[in-house]
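Source file: target.cif. Holds: mmCIF, C-alpha atoms and all ligand atoms.
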```
data_coords
loop_
_atom_site.label_atom_id
_atom_site.label_comp_id
_atom_site.auth_asym_id
_atom_site.auth_seq_id
_atom_site.Cartn_x
_atom_site.Cartn_y
_atom_site.Cartn_z
CA MET W 1018 118.96 66.88 107.82
CA PRO W 1019 119.84 69.82 110.02
CA ALA W 1020 118.61 69.64 113.59
CA ASN W 1021 115.86 71.84 115.06
CA LEU W 1022 113.37 71.46 112.22
CA THR W 1023 109.90 72.21 113.57
CA PRO W 1024 107.04 69.68 113.85
CA GLN W 1025 105.18 71.81 111.27
CA PHE W 1026 108.01 71.35 108.80
CA MET W 1027 108.22 67.62 109.49
CA ALA W 1028 104.46 67.33 108.88
CA ALA W 1029 104.77 69.18 105.57
CA ASP W 1030 107.69 66.96 104.61
CA LYS W 1031 105.54 63.92 105.34
CA LYS W 1032 102.73 65.34 103.18
CA PHE W 1033 105.21 65.82 100.36
CA LYS W 1034 106.41 62.23 100.59
CA SER W 1035 102.87 60.86 100.44
CA ALA W 1036 101.63 63.29 97.74
CA THR W 1037 100.64 61.59 94.50
CA THR W 1038 99.65 64.51 92.22
CA PRO W 1039 101.90 67.38 91.12
CA ALA W 1040 99.43 69.86 92.65
CA ASP W 1041 99.59 68.14 96.05
CA LYS W 1042 103.37 67.90 95.82
CA LEU W 1043 103.59 71.59 95.03
CA ALA W 1044 101.29 72.53 97.90
CA ALA W 1045 103.39 70.43 100.29
CA LEU W 1046 106.62 72.01 99.04
CA GLU W 1047 105.21 75.50 99.51
CA GLU W 1048 104.20 74.53 103.02
CA MET W 1049 107.71 73.20 103.65
CA LEU W 1050 109.19 76.49 102.47
CA SER W 1051 106.88 78.52 104.67
CA THR W 1052 107.62 76.42 107.77
CA ILE W 1053 111.35 75.80 107.43
CA PRO W 1054 113.30 77.70 110.11
CA LYS W 1055 115.14 80.51 108.30
CA HIS W 1056 118.80 80.41 109.31
CA LYS W 1057 122.23 79.59 107.89
CA GLY W 1058 121.95 75.90 108.67
CA THR W 1059 118.92 75.45 106.40
CA GLU W 1060 120.00 77.67 103.50
CA LYS W 1061 120.85 74.74 101.25
CA MET W 1062 117.55 73.04 102.04
CA GLN W 1063 115.64 76.26 101.36
CA ALA W 1064 117.34 76.65 97.99
CA ASP W 1065 116.60 73.01 97.19
CA ILE W 1066 112.90 73.40 98.05
CA LYS W 1067 112.67 76.58 95.93
CA ARG W 1068 114.28 74.78 93.00
CA ARG W 1069 111.81 71.91 93.27
CA ILE W 1070 108.87 74.36 93.47
CA ALA W 1071 110.03 76.16 90.33
CA LYS W 1072 110.46 72.88 88.47
CA LEU W 1073 107.04 71.57 89.49
CA ARG W 1074 105.35 74.89 88.61
CA ASN W 1075 106.84 74.68 85.14
CA GLU W 1076 105.74 71.09 84.67
CA THR W 1077 102.24 71.76 86.01
CA GLN W 1078 101.81 74.80 83.77
CA ARG W 1079 102.83 72.84 80.72
CA ARG W 1080 100.46 70.06 81.60
CA ARG W 1081 97.54 72.46 82.06
CA GLY W 1082 96.98 72.76 78.30
CA ALA W 1083 97.00 69.01 77.95
CA ALA W 1084 94.05 68.75 80.38
CA ARG W 1085 95.73 66.00 82.31
CA GLY W 1086 95.60 65.66 86.07
CA LYS W 1087 93.86 68.09 88.41
CA PRO W 1088 93.68 71.78 87.51
CA PHE W 1089 96.22 74.04 89.11
CA TYR W 1090 96.13 77.80 89.50
CA GLN W 1091 98.31 80.61 90.66
CA VAL W 1092 97.79 84.38 90.49
CA ASP W 1093 100.65 86.77 89.71
CA LYS W 1094 100.88 89.66 92.13
CA GLU W 1095 100.01 93.17 90.99
CA GLY W 1096 99.75 96.57 92.66
CA ALA W 1097 100.68 97.43 96.24
CA GLY W 1098 99.89 93.94 97.50
CA GLN W 1099 97.81 90.80 97.05
CA ILE W 1100 94.97 89.91 99.45
CA ALA W 1101 93.08 86.60 99.30
CA LEU W 1102 89.31 86.45 99.98
CA VAL W 1103 88.82 83.47 102.25
CA GLY W 1104 85.69 81.94 103.77
CA ALA W 1105 82.87 79.41 103.88
CA PRO W 1106 80.48 79.09 100.89
CA ASN W 1107 77.96 81.91 100.26
CA THR W 1108 79.51 84.41 102.65
CA GLY W 1109 79.64 87.01 99.87
CA LYS W 1110 83.28 86.86 98.77
CA SER W 1111 82.40 87.22 95.10
CA MET W 1112 79.94 90.05 95.75
CA LEU W 1113 82.63 91.85 97.74
CA LEU W 1114 85.07 91.49 94.86
CA ALA W 1115 82.40 92.92 92.52
CA ALA W 1116 81.67 95.83 94.89
CA LEU W 1117 85.31 96.72 95.53
CA THR W 1118 87.05 96.09 92.20
CA ASN W 1119 86.72 96.25 88.45
CA ALA W 1120 86.25 92.45 88.27
CA GLU W 1121 82.91 90.86 87.41
CA PRO W 1122 82.67 87.54 89.23
CA GLU W 1123 79.62 85.30 89.24
CA VAL W 1124 77.56 85.98 92.38
CA ALA W 1125 75.13 83.19 93.21
CA ASP W 1126 72.97 81.93 96.05
CA TYR W 1127 74.30 78.40 95.67
CA PRO W 1128 77.67 77.19 96.96
CA PHE W 1129 80.68 76.57 94.69
CA ALA W 1130 79.71 79.16 92.09
CA THR W 1131 83.36 80.22 92.31
CA ARG W 1132 85.66 77.47 91.08
CA VAL W 1133 88.76 79.29 89.93
CA PRO W 1134 90.68 82.21 91.45
CA LEU W 1135 89.66 85.61 90.09
CA PRO W 1136 91.75 88.72 90.76
CA GLY W 1137 90.51 92.31 90.71
CA MET W 1138 92.13 95.64 91.49
CA MET W 1139 90.76 97.72 94.39
CA ALA W 1140 91.57 101.41 94.58
CA PHE W 1141 92.52 103.01 97.88
CA GLU W 1142 93.49 106.68 97.53
CA ASN W 1143 96.40 106.62 95.07
CA VAL W 1144 97.23 102.90 95.25
CA GLN W 1145 95.78 99.74 93.74
CA ILE W 1146 95.46 96.60 95.84
CA GLN W 1147 94.88 93.21 94.28
CA LEU W 1148 92.03 91.14 95.74
CA VAL W 1149 91.74 87.48 94.77
CA ASP W 1150 88.32 85.80 94.93
CA LEU W 1151 88.58 82.10 95.71
CA PRO W 1152 86.42 78.99 95.97
CA PRO W 1153 85.16 78.35 99.52
CA ILE W 1154 87.13 76.62 102.25
CA THR W 1155 85.29 73.36 102.97
CA GLU W 1156 86.19 69.73 103.71
CA GLU W 1157 85.61 69.04 100.01
CA SER W 1158 87.84 71.82 98.75
CA ALA W 1159 91.02 69.86 99.22
CA GLU W 1160 92.77 71.33 96.18
CA GLY W 1161 96.32 72.11 97.18
CA TRP W 1162 96.40 75.21 94.98
CA LEU W 1163 93.66 76.91 96.99
CA TYR W 1164 95.77 76.86 100.12
CA GLY W 1165 98.84 77.61 98.02
CA ILE W 1166 97.31 80.89 96.84
CA ILE W 1167 96.35 81.91 100.38
CA ARG W 1168 99.82 81.05 101.67
CA ASN W 1169 101.43 83.02 98.87
CA ALA W 1170 99.24 86.15 99.27
CA HIS W 1171 100.48 89.07 101.37
CA ALA W 1172 97.35 88.94 103.53
CA ALA W 1173 93.84 87.52 103.78
CA LEU W 1174 90.31 88.81 104.32
CA LEU W 1175 88.28 86.23 106.23
CA VAL W 1176 84.72 86.84 105.02
CA VAL W 1177 81.86 85.66 107.29
CA ASP W 1178 78.08 85.76 106.79
CA LEU W 1179 76.15 87.71 109.44
CA GLY W 1180 72.97 86.19 108.00
CA SER W 1181 74.02 82.66 108.91
CA GLU W 1182 72.38 80.91 111.89
CA ASP W 1183 75.56 78.88 112.07
CA LEU W 1184 77.95 81.81 112.01
CA ILE W 1185 80.33 80.85 114.82
CA ALA W 1186 80.56 77.14 114.03
CA GLU W 1187 81.03 77.93 110.34
CA THR W 1188 83.85 80.36 111.08
CA GLU W 1189 85.49 77.98 113.53
CA ARG W 1190 85.45 75.27 110.85
CA VAL W 1191 87.12 77.52 108.28
CA LEU W 1192 89.84 78.51 110.76
CA GLN W 1193 90.35 74.85 111.60
CA LEU W 1194 90.66 73.77 107.96
CA LEU W 1195 93.15 76.57 107.34
CA ALA W 1196 95.12 75.48 110.40
CA GLN W 1197 95.23 71.93 109.03
CA ALA W 1198 96.82 73.39 105.91
CA ASN W 1199 99.22 75.17 108.28
CA ILE W 1200 97.80 78.64 107.68
CA HIS W 1201 97.07 80.59 110.85
CA LEU W 1202 95.19 83.87 110.44
CA VAL W 1203 96.43 86.50 112.90
CA ALA W 1204 96.41 90.25 113.40
CA GLU W 1205 100.19 90.50 113.60
CA PRO W 1206 102.30 87.58 112.34
CA HIS W 1207 105.43 86.43 114.14
CA GLU W 1208 105.89 83.04 112.49
CA PRO W 1209 106.14 82.18 108.77
CA GLN W 1210 102.97 80.07 108.88
CA GLN W 1211 100.96 82.99 110.28
CA LYS W 1212 99.06 85.10 107.76
CA ARG W 1213 98.08 88.68 108.42
CA ALA W 1214 94.27 88.94 108.23
CA LEU W 1215 91.11 90.92 108.90
CA LEU W 1216 87.67 89.53 109.62
CA VAL W 1217 85.09 91.00 107.23
CA ALA W 1218 81.63 90.62 108.79
CA ASN W 1219 79.45 90.77 105.67
CA LYS W 1220 75.67 91.07 105.15
CA LEU W 1221 75.26 93.71 107.84
CA ASP W 1222 71.97 94.57 106.10
CA VAL W 1223 70.17 91.33 107.00
CA LYS W 1224 67.82 90.83 109.94
CA GLY W 1225 69.63 89.78 113.11
CA ALA W 1226 73.02 90.89 111.77
CA ALA W 1227 73.74 93.32 114.62
CA ASP W 1228 73.29 90.60 117.27
CA ARG W 1229 75.44 88.15 115.35
CA LEU W 1230 78.10 90.82 114.91
CA GLY W 1231 78.24 91.09 118.70
CA MET W 1232 78.62 87.31 119.02
CA MET W 1233 81.33 87.35 116.39
CA ARG W 1234 83.31 90.08 118.14
CA GLU W 1235 83.13 88.07 121.36
CA PHE W 1236 84.23 84.86 119.62
CA ILE W 1237 87.15 86.35 117.72
CA ALA W 1238 88.12 88.73 120.58
CA ASP W 1239 91.49 90.31 119.80
CA ARG W 1240 92.62 87.57 117.41
CA LEU W 1241 91.55 89.53 114.32
CA PRO W 1242 90.27 93.06 113.75
CA VAL W 1243 86.61 93.06 112.67
CA ILE W 1244 85.25 95.25 109.84
CA PRO W 1245 81.43 95.12 109.45
CA VAL W 1246 80.20 95.65 105.87
CA SER W 1247 77.39 94.95 103.47
CA ALA W 1248 78.58 94.10 99.98
CA GLU W 1249 75.00 94.40 98.74
CA ALA W 1250 74.11 97.73 100.38
CA GLU W 1251 77.72 98.91 99.87
CA THR W 1252 78.17 100.03 103.48
CA GLY W 1253 81.49 99.92 105.33
CA LEU W 1254 83.43 99.54 102.11
CA ASP W 1255 85.57 102.65 102.55
CA SER W 1256 86.68 101.44 105.99
CA LEU W 1257 87.47 98.08 104.43
CA ARG W 1258 89.60 99.68 101.70
CA GLU W 1259 91.59 101.61 104.26
CA ALA W 1260 91.93 98.63 106.64
CA SER W 1261 93.08 96.47 103.72
CA PHE W 1262 95.82 98.96 102.89
CA ARG W 1263 96.97 99.05 106.54
CA LEU W 1264 96.86 95.25 106.56
CA LEU W 1265 99.52 95.07 103.85
CA GLY W 1266 102.04 96.67 106.17
CA VAL W 1267 103.38 98.98 103.47
CA ILE W 1268 104.09 102.71 103.27
CA ARG W 1269 103.94 105.17 100.37
CA VAL W 1270 107.02 107.23 99.74
CA TYR W 1271 107.24 110.00 97.13
CA SER W 1272 110.37 110.87 95.26
CA LYS W 1273 111.29 114.52 94.78
CA PRO W 1274 114.06 115.41 92.33
CA PRO W 1275 116.22 118.27 93.71
CA GLY W 1276 114.72 121.64 92.80
CA ARG W 1277 111.44 120.14 91.58
CA LYS W 1278 108.08 119.17 93.04
CA ALA W 1279 107.31 115.68 94.34
CA ASP W 1280 105.24 113.38 92.14
CA ASN W 1281 102.28 112.79 94.43
CA SER W 1282 100.39 110.54 92.04
CA THR W 1283 102.80 107.62 91.95
CA PRO W 1284 104.14 106.54 95.31
CA PHE W 1285 106.91 104.00 95.77
CA ILE W 1286 105.48 101.15 97.83
CA LEU W 1287 107.88 99.99 100.54
CA SER W 1288 107.42 97.65 103.48
CA ARG W 1289 106.90 99.30 106.86
CA GLY W 1290 110.23 99.92 108.58
CA SER W 1291 112.02 100.79 105.33
CA THR W 1292 114.84 103.35 105.49
CA ALA W 1293 116.06 106.23 103.37
CA LEU W 1294 118.49 103.79 101.77
CA ASP W 1295 115.67 101.35 100.90
CA ALA W 1296 113.77 104.22 99.27
CA ALA W 1297 116.87 105.25 97.32
CA GLU W 1298 117.21 101.69 96.02
CA ALA W 1299 113.54 101.57 94.98
CA ILE W 1300 113.83 104.89 93.14
CA HIS W 1301 116.95 103.88 91.26
CA LYS W 1302 119.27 100.90 91.69
CA ASP W 1303 122.35 103.11 91.21
CA PHE W 1304 121.38 105.26 94.20
CA VAL W 1305 122.31 102.45 96.61
CA GLU W 1306 126.00 102.89 95.89
CA LYS W 1307 125.92 106.57 95.17
CA LEU W 1308 123.66 107.87 97.96
CA LYS W 1309 125.38 110.83 99.64
CA PHE W 1310 122.48 112.15 101.68
CA ALA W 1311 118.73 112.53 101.59
CA ARG W 1312 116.32 115.31 102.49
CA LEU W 1313 112.99 114.51 104.05
CA TRP W 1314 109.57 116.19 104.15
CA ARG W 1315 106.94 114.86 106.58
CA ARG W 1316 103.82 116.80 107.58
CA ASP W 1317 104.76 118.75 110.74
CA ALA W 1318 108.00 116.91 111.48
CA TYR W 1319 110.42 117.55 108.60
CA GLN W 1320 110.70 120.33 106.03
CA GLY W 1321 113.65 119.21 103.96
CA GLN W 1322 116.14 118.39 106.72
CA MET W 1323 119.03 116.07 105.91
CA VAL W 1324 118.57 112.52 107.20
CA GLY W 1325 120.92 109.54 107.38
CA ARG W 1326 120.61 106.42 105.23
CA ASP W 1327 119.23 104.45 108.18
CA HIS W 1328 116.45 106.93 108.86
CA VAL W 1329 113.15 105.00 109.08
CA LEU W 1330 110.43 106.34 106.77
CA GLU W 1331 106.68 106.72 107.28
CA ASP W 1332 103.64 106.56 105.02
CA GLY W 1333 103.42 109.81 103.04
CA ASP W 1334 107.07 110.81 103.35
CA VAL W 1335 108.65 112.83 100.53
CA ILE W 1336 112.32 112.10 99.96
CA GLU W 1337 114.95 113.85 97.86
CA ILE W 1338 117.97 111.72 97.04
CA HIS W 1339 121.35 113.35 96.57
CA ALA W 1340 123.85 111.14 94.77
N1 LIG W 1401 71.71 90.53 101.98
C1 LIG W 1401 72.94 90.39 101.51
N2 LIG W 1401 73.23 89.38 100.68
C2 LIG W 1401 74.50 89.25 100.22
C3 LIG W 1401 75.52 90.16 100.59
N3 LIG W 1401 76.67 89.75 100.00
C4 LIG W 1401 76.35 88.65 99.27
N4 LIG W 1401 75.05 88.34 99.39
C5 LIG W 1401 74.32 87.20 98.77
O1 LIG W 1401 74.88 85.99 99.24
C6 LIG W 1401 74.90 85.01 98.21
C7 LIG W 1401 76.31 84.49 98.02
O2 LIG W 1401 77.11 85.53 97.49
P1 LIG W 1401 78.49 85.23 96.78
O3 LIG W 1401 79.19 86.52 96.61
O4 LIG W 1401 78.30 84.40 95.56
O5 LIG W 1401 79.19 84.35 97.92
P2 LIG W 1401 80.56 83.51 97.86
O6 LIG W 1401 80.18 82.08 97.71
O7 LIG W 1401 81.21 83.75 99.18
O8 LIG W 1401 81.35 84.03 96.71
C8 LIG W 1401 74.32 85.69 96.97
O9 LIG W 1401 72.97 85.34 96.87
C9 LIG W 1401 74.50 87.16 97.25
O10 LIG W 1401 73.50 87.93 96.60
C10 LIG W 1401 75.19 91.23 101.49
O11 LIG W 1401 75.99 92.08 101.88
N5 LIG W 1401 73.89 91.29 101.92
MG MG W 1402 82.06 83.06 95.12
#
```

What does this structure look like when you write it as C-alpha cells?
Ligand SMILES: Nc1nc2c(ncn2[C@@H]2O[C@H](COP(=O)(O)OP(=O)(O)O)[C@@H](O)[C@H]2O)c(=O)[nH]1
Ligand SMILES: [Mg+2]
Amino acid sequence: MPANLTPQFMAADKKFKSATTPADKLAALEEMLSTIPKHKGTEKMQADIKRRIAKLRNETQRRRGAARGKPFYQVDKEGAGQIALVGAPNTGKSMLLAALTNAEPEVADYPFATRVPLPGMMAFENVQIQLVDLPPITEESAEGWLYGIIRNAHAALLVVDLGSEDLIAETERVLQLLAQANIHLVAEPHEPQQKRALLVANKLDVKGAADRLGMMREFIADRLPVIPVSAEAETGLDSLREASFRLLGVIRVYSKPPGRKADNSTPFILSRGSTALDAAEAIHKDFVEKLKFARLWRRDAYQGQMVGRDHVLEDGDVIEIHA
C-alpha cells in the first residue's frame, strides 16, 4: 500500500474488511474512494476501488428483484445538481420536498414515514435542481445506502425543527452520526469527506421558533449558513431556492452563435471557476480542438470583447465561440 494514507481511509478500509452485506461493503468502498488522497501514487488504488464499486452496484441491483438481502438504493443525478435532504425524524424534510418540487412524498407526524429516497425537481429561475428526500439520520438508520446517497450528492440541506424542545441536542446528534459515517457538513469544503451544506431552520411558524432560531444561530455559528423557513406556511422558500443554487457552486453560461441572439432559456451549467475553453467544450466537443477565440458579454463589464481560452467565466455570461 502506498504511504501517507489518511486515518479516515484506513478506518474505511477496516469497515470494508469487516462488512458482511453487499450494501455495507459498497458503503465502505464509497467511503474509501471519498477519503483516499488523490495523487499519482494512489491512482491504481483509486481505479481498483472504482472497479469494485461498479461490480458491487451491478450485483446489488440484480439482487434487488430477487428480494434477497437488505434493500439498496441510489438516485441518478438530474438537472443542475443533486442536493440531499438530511436530518432527524419529523423535521419536515418531506414537507419541504412537497413545497419545493413536483414530488408528492408522504408527510406524517410519526417518525420513519420516509423509508426510501424520493427525488423531486425544484425550479430556480431557469434551472432545475434535484432534491432527494431521505429517511431520517438516527442510530437505527444504519443502512449504508443512506450515507452513500448523501456522500454522492453535490450538496446537502440539513433540516432542523424549530418546534423541537431538543433542537440543539438533536442537531448535534445528527452531525455526530454523519461524522461517524465520515461525512462532515461545511460551508466551504476543502477535503473530500467534507460536504457543502446549508442549515434549513424549518417550522418558523410555530410558537417559540424565533427564540430557538437565535439559539441555533449561536450553536452553528459560522459553520453553516442558516436559512429560516416554514414548509407549511411556505415562507422563506424563495431564499432557500436561491441559496440552494449558490450552494451547488455552479454558473450558468449562455451560448450565442455568431450573428444571432443568445438562447437565454437553456443555460450550460458549469462549475464555478470554469473558463472560456470549458464552456466551448460543453457547447460542442469539437470546439475544444478548434477554438480560435471567444467573445464575451457580461452585464456592465463586457460587450462582445475577445477573451482568451483561460478567461474565467461568471454566472450569466454570454459567450460566442469562434472555431
Ligand atoms: N408547523 C409546522 N409543521 C410542519 C412544518 N413542516 C413539517 N411540519 C409537520 O411536521 C411533521 C413531520 O413532517 P415530515 O415532512 O413528514 O417530516 P420528515 O420526517 O422530516 O420527513 C408533519 O406533521 C408535518 O405536518 C412547518 O413548517 N411548520
Ligand atoms: Mg419524511

Residues within 10 Å of ligand MG 1402 (chain W), counting all atoms listed in the file: report them as a PDB file with C-alpha atoms, keeping the file's coordinate frame.
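Saved as part.pdb:
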```
ATOM      1  CA  LEU W1102      89.310  86.450  99.980  1.00  0.00           C
ATOM      2  CA  VAL W1103      88.820  83.470 102.250  1.00  0.00           C
ATOM      3  CA  GLY W1104      85.690  81.940 103.770  1.00  0.00           C
ATOM      4  CA  ALA W1105      82.870  79.410 103.880  1.00  0.00           C
ATOM      5  CA  PRO W1106      80.480  79.090 100.890  1.00  0.00           C
ATOM      6  CA  ASN W1107      77.960  81.910 100.260  1.00  0.00           C
ATOM      7  CA  THR W1108      79.510  84.410 102.650  1.00  0.00           C
ATOM      8  CA  GLY W1109      79.640  87.010  99.870  1.00  0.00           C
ATOM      9  CA  LYS W1110      83.280  86.860  98.770  1.00  0.00           C
ATOM     10  CA  SER W1111      82.400  87.220  95.100  1.00  0.00           C
ATOM     11  CA  MET W1112      79.940  90.050  95.750  1.00  0.00           C
ATOM     12  CA  LEU W1113      82.630  91.850  97.740  1.00  0.00           C
ATOM     13  CA  LEU W1114      85.070  91.490  94.860  1.00  0.00           C
ATOM     14  CA  PRO W1122      82.670  87.540  89.230  1.00  0.00           C
ATOM     15  CA  GLU W1123      79.620  85.300  89.240  1.00  0.00           C
ATOM     16  CA  VAL W1124      77.560  85.980  92.380  1.00  0.00           C
ATOM     17  CA  ALA W1125      75.130  83.190  93.210  1.00  0.00           C
ATOM     18  CA  ASP W1126      72.970  81.930  96.050  1.00  0.00           C
ATOM     19  CA  TYR W1127      74.300  78.400  95.670  1.00  0.00           C
ATOM     20  CA  PRO W1128      77.670  77.190  96.960  1.00  0.00           C
ATOM     21  CA  PHE W1129      80.680  76.570  94.690  1.00  0.00           C
ATOM     22  CA  ALA W1130      79.710  79.160  92.090  1.00  0.00           C
ATOM     23  CA  THR W1131      83.360  80.220  92.310  1.00  0.00           C
ATOM     24  CA  ARG W1132      85.660  77.470  91.080  1.00  0.00           C
ATOM     25  CA  VAL W1133      88.760  79.290  89.930  1.00  0.00           C
ATOM     26  CA  PRO W1134      90.680  82.210  91.450  1.00  0.00           C
ATOM     27  CA  LEU W1135      89.660  85.610  90.090  1.00  0.00           C
ATOM     28  CA  ASP W1150      88.320  85.800  94.930  1.00  0.00           C
ATOM     29  CA  LEU W1151      88.580  82.100  95.710  1.00  0.00           C
ATOM     30  CA  PRO W1152      86.420  78.990  95.970  1.00  0.00           C
ATOM     31  CA  PRO W1153      85.160  78.350  99.520  1.00  0.00           C
TER      32      PRO W1153
END
```

* Long-range neighbours of region 1233-1242 of chain W as an NGL selection string, 8 Å cut-off, only C-alpha atoms, 4 positions minimum in chain -> :W and (1184-1185 or 1202-1204 or 1214-1216 or 1229)

* **Exercise: Thr1023 (chain W) partners within 9 Å, all atoms listed in the file, chain neighbours under 6 positions left out, as an NGL selection string** => :W and (1052-1054)

Padding 8 Å on every side, please: axis-aligned box over the listed atoms of ligand LIG 1401 (chain W), centre and edge lengths to one decimal in Å, as JSON.
```
{"center_x": 76.5, "center_y": 87.1, "center_z": 98.8, "size_x": 25.6, "size_y": 26.0, "size_z": 22.4}
```

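Going from CA of Glu1142 (chain W) to CA of Leu1230 (chain W) covers 28.1 Å.
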
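Of the listed residues W:Ser1261, W:Ser1291, W:Asn1199, W:Gln1063, the one whose atoms come nearest to Asp1327 (chain W) is W:Ser1291, with distances taken using only C-alpha atoms.
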
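Between CA of Glu1298 (chain W) and CA of Asn1169 (chain W) the interatomic distance comes to 24.6 Å.
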
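If you measure from each of W:Leu1050, W:Ala1040, W:Val1267, W:Ala1340 to Asp1303 (chain W) using only C-alpha atoms, the closest one turns out to be W:Ala1340.
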
* Asked: CA of Gly1096 (chain W) and atom N4 of ligand LIG 1401 (chain W), how far apart in Å?
  -> 26.9 Å

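Of the listed residues W:Val1223, W:Ala1029, W:Ile1338, W:Leu1287, the one whose atoms come nearest to Ala1097 (chain W) is W:Leu1287, with distances taken using all atoms listed in the file.
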
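With all atoms listed in the file as the atoms that count, the minimum distance from ligand LIG 1401 (chain W) to the choices W:Lys1307, W:Lys1278, W:His1339, W:Lys1220 is reached by W:Lys1220.
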
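Residues lying within 9 Å of Pro1136 (chain W), counting only C-alpha atoms and ignoring same-chain neighbours fewer than 6 positions away, are Val1092, Gln1099, Ala1101, Leu1114, Thr1118, Ala1120, Gln1147, Leu1148, Val1149, Asp1150 and Leu1151 of chain W.
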
Output file for the selection above: C-alpha atoms, as a JSON list (two decimals), in the frame of the given file:
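Result written to out.json:
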```json
[["chain", "number", "residue", "atom", "x", "y", "z"],
["W", 1092, "VAL", "CA", 97.79, 84.38, 90.49],
["W", 1099, "GLN", "CA", 97.81, 90.80, 97.05],
["W", 1101, "ALA", "CA", 93.08, 86.60, 99.30],
["W", 1114, "LEU", "CA", 85.07, 91.49, 94.86],
["W", 1118, "THR", "CA", 87.05, 96.09, 92.20],
["W", 1120, "ALA", "CA", 86.25, 92.45, 88.27],
["W", 1147, "GLN", "CA", 94.88, 93.21, 94.28],
["W", 1148, "LEU", "CA", 92.03, 91.14, 95.74],
["W", 1149, "VAL", "CA", 91.74, 87.48, 94.77],
["W", 1150, "ASP", "CA", 88.32, 85.80, 94.93],
["W", 1151, "LEU", "CA", 88.58, 82.10, 95.71]]
```

Since the input is missing atoms, can you rebuild N, CA and C atoms for region 1161-1176 of chain W and write them as a compact mmCIF listing (two decimals), in the coordinates of the input?
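The new file out30.txt reads:
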```txt
# COMPACT_ATOMS: atom_id res chain seq x y z
N GLY W 1161 95.13 71.51 96.59
CA GLY W 1161 96.32 72.11 97.18
C GLY W 1161 96.50 73.55 96.74
N TRP W 1162 96.12 73.86 95.50
CA TRP W 1162 96.40 75.21 94.98
C TRP W 1162 95.64 76.28 95.74
N LEU W 1163 94.45 75.92 96.26
CA LEU W 1163 93.66 76.91 96.99
C LEU W 1163 94.45 77.41 98.20
N TYR W 1164 94.98 76.47 98.96
CA TYR W 1164 95.77 76.86 100.12
C TYR W 1164 97.09 77.50 99.69
N GLY W 1165 97.60 77.03 98.55
CA GLY W 1165 98.84 77.61 98.02
C GLY W 1165 98.69 79.10 97.75
N ILE W 1166 97.55 79.48 97.16
CA ILE W 1166 97.31 80.89 96.84
C ILE W 1166 97.20 81.71 98.12
N ILE W 1167 96.51 81.18 99.12
CA ILE W 1167 96.35 81.91 100.38
C ILE W 1167 97.72 82.10 101.05
N ARG W 1168 98.50 81.01 101.04
CA ARG W 1168 99.82 81.05 101.67
C ARG W 1168 100.73 82.08 100.99
N ASN W 1169 100.55 82.18 99.67
CA ASN W 1169 101.43 83.02 98.87
C ASN W 1169 101.00 84.50 98.89
N ALA W 1170 99.74 84.77 99.25
CA ALA W 1170 99.24 86.15 99.27
C ALA W 1170 99.91 86.93 100.41
N HIS W 1171 99.90 88.26 100.29
CA HIS W 1171 100.48 89.07 101.37
C HIS W 1171 99.60 89.03 102.61
N ALA W 1172 98.29 88.91 102.41
CA ALA W 1172 97.35 88.94 103.53
C ALA W 1172 96.04 88.29 103.12
N ALA W 1173 95.13 88.14 104.08
CA ALA W 1173 93.84 87.52 103.78
C ALA W 1173 92.71 88.31 104.41
N LEU W 1174 91.55 88.31 103.72
CA LEU W 1174 90.31 88.81 104.32
C LEU W 1174 89.45 87.58 104.59
N LEU W 1175 89.16 87.33 105.86
CA LEU W 1175 88.28 86.23 106.23
C LEU W 1175 86.85 86.75 106.21
N VAL W 1176 86.08 86.31 105.20
CA VAL W 1176 84.72 86.84 105.02
C VAL W 1176 83.73 85.91 105.71
```
